[in-house]
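Chemist: Got a structure for you, written out below as structure tokens; questions coming shortly.
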Amino acid sequence: MGLNIYKQFLDQKVRSLSEEIDKLCERRRQQGKAPSFGKYYHPAIAVSCCTSSSVGKIGKGVACEPRISVYHCKIANLLKRKLGNVIGGKSTKTNCCYPIGQCAEPHAANNYLKVINPYINPETDLFFSTPYRPRTKGPIKVFKVFPYCENCRSTFLNCR
Amino acid sequence: MKFRSSFLLSHDIDWFCRIDNIPIHGASFGGNIPVRANDEKRMVDILLNIYKLSENQEGDIYINENYLTSIGIEKDERDDYLSSFLFFAKRGFYSYDRVVTHEDGMLDLDKKTEYALVAAPMNNGIDKDIFSILPFYPKIDNWVKQKIPKQLFSIERQNCNMLPRNR
């Protein structure tokens, strides 16, 4: 029940984030100039996160190329410990096809730590929204319910 | 220059090609894209040129209701889901979305990449402007042939829901 309350709140936030991203992409495409080619495209997934103690404050993240330099040391260490490899590599502990640190979830957790509170335990304290797809401004639609990926499920306790 | 593989995996790329003179748009949603379409500069050039095209005012738009139902699009989500695909369909493209059919459907990206038609123009005549911005595909890409269901190219005009133009 408690988790559902966070989910509803976070889903609203991630929906707004998806709308913002979509508008930005549209504007760049209409104007025909962007800082780099990559900026014309939607990220595949967007996610928001919060903790139980500060529900009003959220971390936001989108799927993007994994770079170790953008990560808070706590997240980098957590990912390495849980997934057995460095950011950008393949996990040695799961069969997930995604490189470590690419998903929106660790980026959202990273954003939370860097912007809101660096003292939380990212493994246990963070609650995540449903993953949204910025192109469609809605949850991911598939024939089965889209879960968090194996890497994210192994890393974050509430990502299940 | 090709898209970096990590960029492909993390972004929802719009890629374009033509098959049998049918202009195709695909939304990759973090999946692989055809080899021939894997050219960052070309794809961006095409994308920006499409944004310069005006909407085709003639003919209706076919919407693949079966697909929308199968993935559980609710009424209130419909407009948001369709907006991007309708944009391309209104400019003459058969617009496809990548289908995620399985919870670990991306483990083997190439084998499990499939696309489903979401929206397409109903008019027979295809705007020549589109071909002038899609000059790069003299032959059909085998990858595209395998991934895009052929039967969907012949859209039956009966029993399909059309989106009125004034919408």
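How things are named: the first chain in the structure tokens is A, the next is B, and so on; residues count from 1 in each chain; ligands count from 1 in the order shown.
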Could you list, with a cut-off of 10 Å and counting only C-alpha atoms, the residues of chain A near chain B, each shown with its nearest atom pair and the distance in Å rounded to one decimal, rows sorted by chain and ascending number, as a tab-separated table?
Modeler:
```
residue	atom	partner	partner_atom	distance
A:Glu19	CA	B:Asp80	CA	9.6
A:Asp22	CA	B:Ser84	CA	9.6
A:Glu26	CA	B:Tyr51	CA	9.2
A:Arg28	CA	B:Leu48	CA	9.3
A:Arg29	CA	B:Leu48	CA	6.0
A:Gln30	CA	B:Tyr51	CA	6.1
A:Gln31	CA	B:Leu48	CA	8.7
A:Gly32	CA	B:Leu48	CA	6.0
A:Lys33	CA	B:Leu48	CA	9.0
A:Phe37	CA	B:Val44	CA	6.9
A:Gly38	CA	B:Phe7	CA	8.2
A:Tyr40	CA	B:Val44	CA	7.6
A:Tyr41	CA	B:Ile13	CA	5.9
A:His42	CA	B:Asp12	CA	5.3
A:Pro43	CA	B:His11	CA	4.2
A:Ala44	CA	B:His11	CA	4.4
A:Ile45	CA	B:Ser10	CA	7.6
A:Val62	CA	B:Ser10	CA	8.5
A:Ala63	CA	B:Ser10	CA	5.1
A:Cys64	CA	B:Ser10	CA	5.1
A:Glu65	CA	B:Ser6	CA	5.5
A:Pro66	CA	B:Ser6	CA	7.7
A:Gly88	CA	B:Ser6	CA	8.7
A:Asn95	CA	B:Leu107	CA	7.8
A:Cys96	CA	B:Leu107	CA	6.5
A:Cys97	CA	B:Leu107	CA	4.9
A:Tyr98	CA	B:Leu9	CA	7.4
A:Pro99	CA	B:Ser6	CA	7.7
A:Gln102	CA	B:Ser10	CA	6.9
A:Cys103	CA	B:Ser10	CA	7.3
A:Ala104	CA	B:Ser10	CA	8.8
A:Arg133	CA	B:Phe29	CA	8.4
A:Pro134	CA	B:Asp12	CA	8.8
A:Arg135	CA	B:Ser84	CA	6.9
A:Thr136	CA	B:Tyr81	CA	4.3
A:Lys137	CA	B:Asp80	CA	6.1
A:Gly138	CA	B:Glu77	CA	6.9
A:Pro139	CA	B:Glu77	CA	9.2
A:Ile140	CA	B:Val100	CA	9.0
A:Lys141	CA	B:Ile71	CA	5.5
A:Val142	CA	B:Ile71	CA	5.1
A:Phe143	CA	B:Ile71	CA	5.2
A:Lys144	CA	B:His102	CA	6.2
A:Val145	CA	B:Glu103	CA	7.1
A:Phe146	CA	B:Glu103	CA	5.8
A:Pro147	CA	B:Glu103	CA	6.5
A:Tyr148	CA	B:Glu103	CA	8.9
A:Cys149	CA	B:Asp104	CA	7.7
A:Glu150	CA	B:Asp104	CA	8.4
```
Chemist: Output C-alpha atoms for every residue in the selection just made, as a short mmCIF file (atom, residue, chain, number, x, y, z; two decimals), in the first residue's frame.
Modeler:
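Saved the output as out.cif:
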```cif
data_model
loop_
_atom_site.label_atom_id
_atom_site.label_comp_id
_atom_site.auth_asym_id
_atom_site.auth_seq_id
_atom_site.Cartn_x
_atom_site.Cartn_y
_atom_site.Cartn_z
CA GLU A 19 6.38 15.59 -21.58
CA ASP A 22 9.23 15.29 -25.79
CA GLU A 26 10.16 18.50 -30.93
CA ARG A 28 15.01 21.01 -31.55
CA ARG A 29 13.71 19.14 -34.56
CA GLN A 30 11.55 22.05 -35.68
CA GLN A 31 14.38 24.53 -35.23
CA GLY A 32 16.77 22.17 -36.97
CA LYS A 33 19.75 22.89 -34.82
CA PHE A 37 23.16 14.93 -33.28
CA GLY A 38 22.17 12.87 -30.28
CA TYR A 40 17.38 15.13 -31.63
CA TYR A 41 16.35 11.79 -30.19
CA HIS A 42 14.24 10.80 -27.23
CA PRO A 43 15.92 8.74 -24.54
CA ALA A 44 14.28 5.31 -24.49
CA ILE A 45 13.22 5.45 -20.83
CA VAL A 62 16.84 8.99 -18.35
CA ALA A 63 18.58 6.14 -20.11
CA CYS A 64 21.84 7.34 -21.57
CA GLU A 65 25.28 6.15 -22.42
CA PRO A 66 27.08 4.93 -19.30
CA GLY A 88 29.91 0.56 -19.06
CA ASN A 95 22.33 -12.01 -17.81
CA CYS A 96 21.11 -8.50 -18.53
CA CYS A 97 21.96 -7.29 -22.02
CA TYR A 98 22.33 -3.68 -20.99
CA PRO A 99 25.68 -2.22 -20.02
CA GLN A 102 22.99 2.77 -18.80
CA CYS A 103 19.45 2.45 -17.45
CA ALA A 104 17.39 5.37 -16.26
CA ARG A 133 8.77 6.19 -22.52
CA PRO A 134 9.26 9.88 -23.37
CA ARG A 135 8.15 9.42 -27.00
CA THR A 136 4.70 8.24 -25.93
CA LYS A 137 4.62 10.04 -22.59
CA GLY A 138 3.31 6.90 -20.96
CA PRO A 139 4.38 3.64 -19.37
CA ILE A 140 6.02 1.14 -21.64
CA LYS A 141 3.47 -0.97 -23.46
CA VAL A 142 4.29 -4.57 -24.10
CA PHE A 143 2.50 -7.86 -24.24
CA LYS A 144 3.73 -8.67 -20.77
CA VAL A 145 4.26 -6.18 -17.99
CA PHE A 146 7.59 -4.54 -18.53
CA PRO A 147 9.73 -5.12 -15.49
CA TYR A 148 12.79 -3.29 -14.43
CA CYS A 149 15.78 -4.89 -16.09
CA GLU A 150 17.77 -7.58 -14.36
#
```
Chemist: Could you please write out, as a count of residues only, every residue of chain A that DSSP assigns to alpha helix (DSSP H)?
Modeler: 59
Chemist: How many Å lie between CA of Asp39 (chain B) and CA of Ile21 (chain A), rounded to one decimal?
Modeler: 23.3 Å
Chemist: When you look at Tyr112 (chain A) with a cut-off of 12 Å (counting only C-alpha atoms), what residues show up, excluding the ones that are within fewer than 2 positions of it in the same chain? I need them as a ChimeraX atom specification.
Modeler: /A:47-51,54-61,71-72,74-75,105-110,114-122,125-128
Chemist: Taking only C-alpha atoms into account, which of B:Asp129, B:Arg42, B:Ala37, B:Gly59 comes nearest His25 (chain B)?
Modeler: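 Answer, going by the shortest atom-to-atom distance: B:Ala37.
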